[in-house]
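A.B. asks: My questions will all concern the structure given below.
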Amino acid sequence: MRPGELAAACLAAALASAGAAAQTTAPPKAAICAACHGEGGRATIALNPVLAGQTARYLYLQLRDFQEGRRSDPQMSPMAKDLTRDEMRELADWFAKQKPPLQAFKVDAAKARLGKAKADETLCTMCHLGGFLGQNEIPRVAGQNYDYIVKQLADFKARRRTNDAGNMTSVSNTLSDTDIENLAHYLVGL
Ligand code: HEC
Ligand code: HEC
């Protein structure tokens with residue numbers, strides 16, 4: 001290889017690795033999110049959702065819903081207010097690629113069994129897929145934080161959260177408080 005060619009090859013290699021690095025580097029605003037959603041979206045505050053490994057499409061749609069007022073939360077709504085569509089897409093793609101945390105929550109095995117039975121009976125996985133891994137606009141719930149799952153199911157049931165096009169309000173209507181607790185024990189351990 002002649003010196004000129006070598007330099008060009010080195011430059012190409014450097015550009016390629018810079019490109020690869022850029023994909024794994026957090027978008028600038030992810031640092032703000034970490035305060036509540038943890039490093040890499042692995043939320044340690046149980047009332048806040050894990051974002052790591054969530055589907056990108058769902059994350060993006062929720063950010064849009066918070067911004068446009070279809071979903072609201074006193075902590076989260078102001079965070080979405082000034083994001084551009086490109087920032088939302090970038091954040092959603094990045095959090096979707098992060099590794100979900102190992103859950104530290106102590107699952108009660110008996111409650112989790114009852115939760116699984118309820119999930120089977122209610123056909124949750126028809127939408128959320130087997131193992132609650134989610135797809136596109138349907139969220140992953142596997143390994144989500146216990147307190148957050150309980151709050152969302154209660155919010156859908158009480159219609160405090162209504163951005164689900166009716167999918168979850170009708171399902172959650174059939175759930176008692178005990179069902180919700182059992183389901184959360186099952187889901188956090190998946
Ligand atoms: C001050 C705390 C706080 C900060 C900072 C924050 N969030 Fe949130 N976020 C929350 C809370 C609390 C919820 C859950 C609201 C609820 O209970 O419905 C939430 C929910 C979400 C959801 C919905 C997740 C789901 O599973 O439905 C997304 C997506 C999200 N936040 C993204 C972000 C991004 C991206 C950032 C950074 C730009 C961010 N958040 C910064 C507190 C925060
Ligand atoms: C008909 C389809 C469908 C069925 C059946 C269904 N879900 Fe959902 N679920 C959804 C959709 C869609 C969303 C997201 C709604 C939105 O965009 O805000 C959701 C959201 C959720 C969330 C909130 C996730 C988050 O990160 O905020 C939880 C928890 C949940 N579902 C649990 C369940 C459980 C448990 C069952 C069964 C008892 C169930 N779902 C059955 C479609 C469904």
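Each chain in the structure tokens gets a letter, A, B, ..., in the order shown, and its residues are numbered from 1; ligands are numbered from 1 in order too.
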Just the residues within 10 Å of A:Leu123, please, counting only C-alpha atoms, with nothing from its chain fewer than 6 positions along; format it as a list of chain:residue names.

C.D. replies: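 The residues satisfying every condition are A:Ala117, A:Leu129, A:Val171.
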
A.B. asks: Step by step, measure atom-to-atom distances between ligand 1 and each residue using only C-alpha atoms and all ligand atoms, keep those at most 6 Å, then write them as a ChimeraX atom specification.

C.D. replies: /A:29-30,32-33,35-36,48-49,59,62-63,73,75-76,79,91

A.B. asks: Skipping near chain neighbours, those fewer than 5 positions away, what residues fall within 8 Å of A:Val188 using only C-alpha atoms, listed as a list in words?

C.D. replies: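 So, after excluding close chain neighbours, the residues are Gln103, Phe105, Val107, Val141, Ala142, Gly143, Gln144, Asn145 and Tyr146 of chain A.
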
A.B. asks: Write a file of the just-selected residues containing C-alpha atoms, as a PDB file, in the first residue's frame.

C.D. replies:
```pdb
ATOM      1  CA  GLN A 103     -34.572  -6.520  39.178  1.00  0.00           C
ATOM      2  CA  PHE A 105     -37.477  -6.630  43.898  1.00  0.00           C
ATOM      3  CA  VAL A 107     -41.043 -11.487  44.229  1.00  0.00           C
ATOM      4  CA  VAL A 141     -43.657  -4.869  30.782  1.00  0.00           C
ATOM      5  CA  ALA A 142     -41.233  -7.706  31.618  1.00  0.00           C
ATOM      6  CA  GLY A 143     -38.924  -6.606  34.442  1.00  0.00           C
ATOM      7  CA  GLN A 144     -40.629  -3.223  34.807  1.00  0.00           C
ATOM      8  CA  ASN A 145     -40.610  -1.670  38.302  1.00  0.00           C
ATOM      9  CA  TYR A 146     -43.251  -3.031  40.700  1.00  0.00           C
TER      10      TYR A 146
END
```

A.B. asks: Please identify every polymer residue within 7 Å of ligand 2, using only C-alpha atoms and all ligand atoms, and present the set as a list in words.

C.D. replies: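 With only C-alpha atoms and all ligand atoms and a cut-off of 7 Å, ligand 2 is contacted by Pro49, Tyr58, Leu61, Gln62, Lys118, Ala119, Thr122, Leu123, Cys124, Thr125, Met126, Cys127, His128, Glu137, Ile138, Pro139, Arg140, Val141, Ile149, Gln152, Leu153, Asn163, Asp164, Asn167, Met168, Val171, Ser172 and Leu183 of chain A.
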
A.B. asks: Can you work out the spacing between atom CA of A:Gln98 and atom CA of A:Gln135 in Å, to one decimal?

C.D. replies: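 These atoms are spaced 16.1 Å apart.
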
A.B. asks: Could you pull out the alpha helix (DSSP H) residues of stretch 40-104 of chain A, going by DSSP on the backbone, and write them as a PyMOL selection string?

C.D. replies: chain A and resi 56-68+77-80+85-97

A.B. asks: Pick from A:Tyr148, A:Gly53, A:Thr24, A:Arg161: nearest to A:Gly69, with only C-alpha atoms counted?

C.D. replies: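 Once distances to A:Gly69 are computed over only C-alpha atoms, the minimum belongs to A:Arg161.
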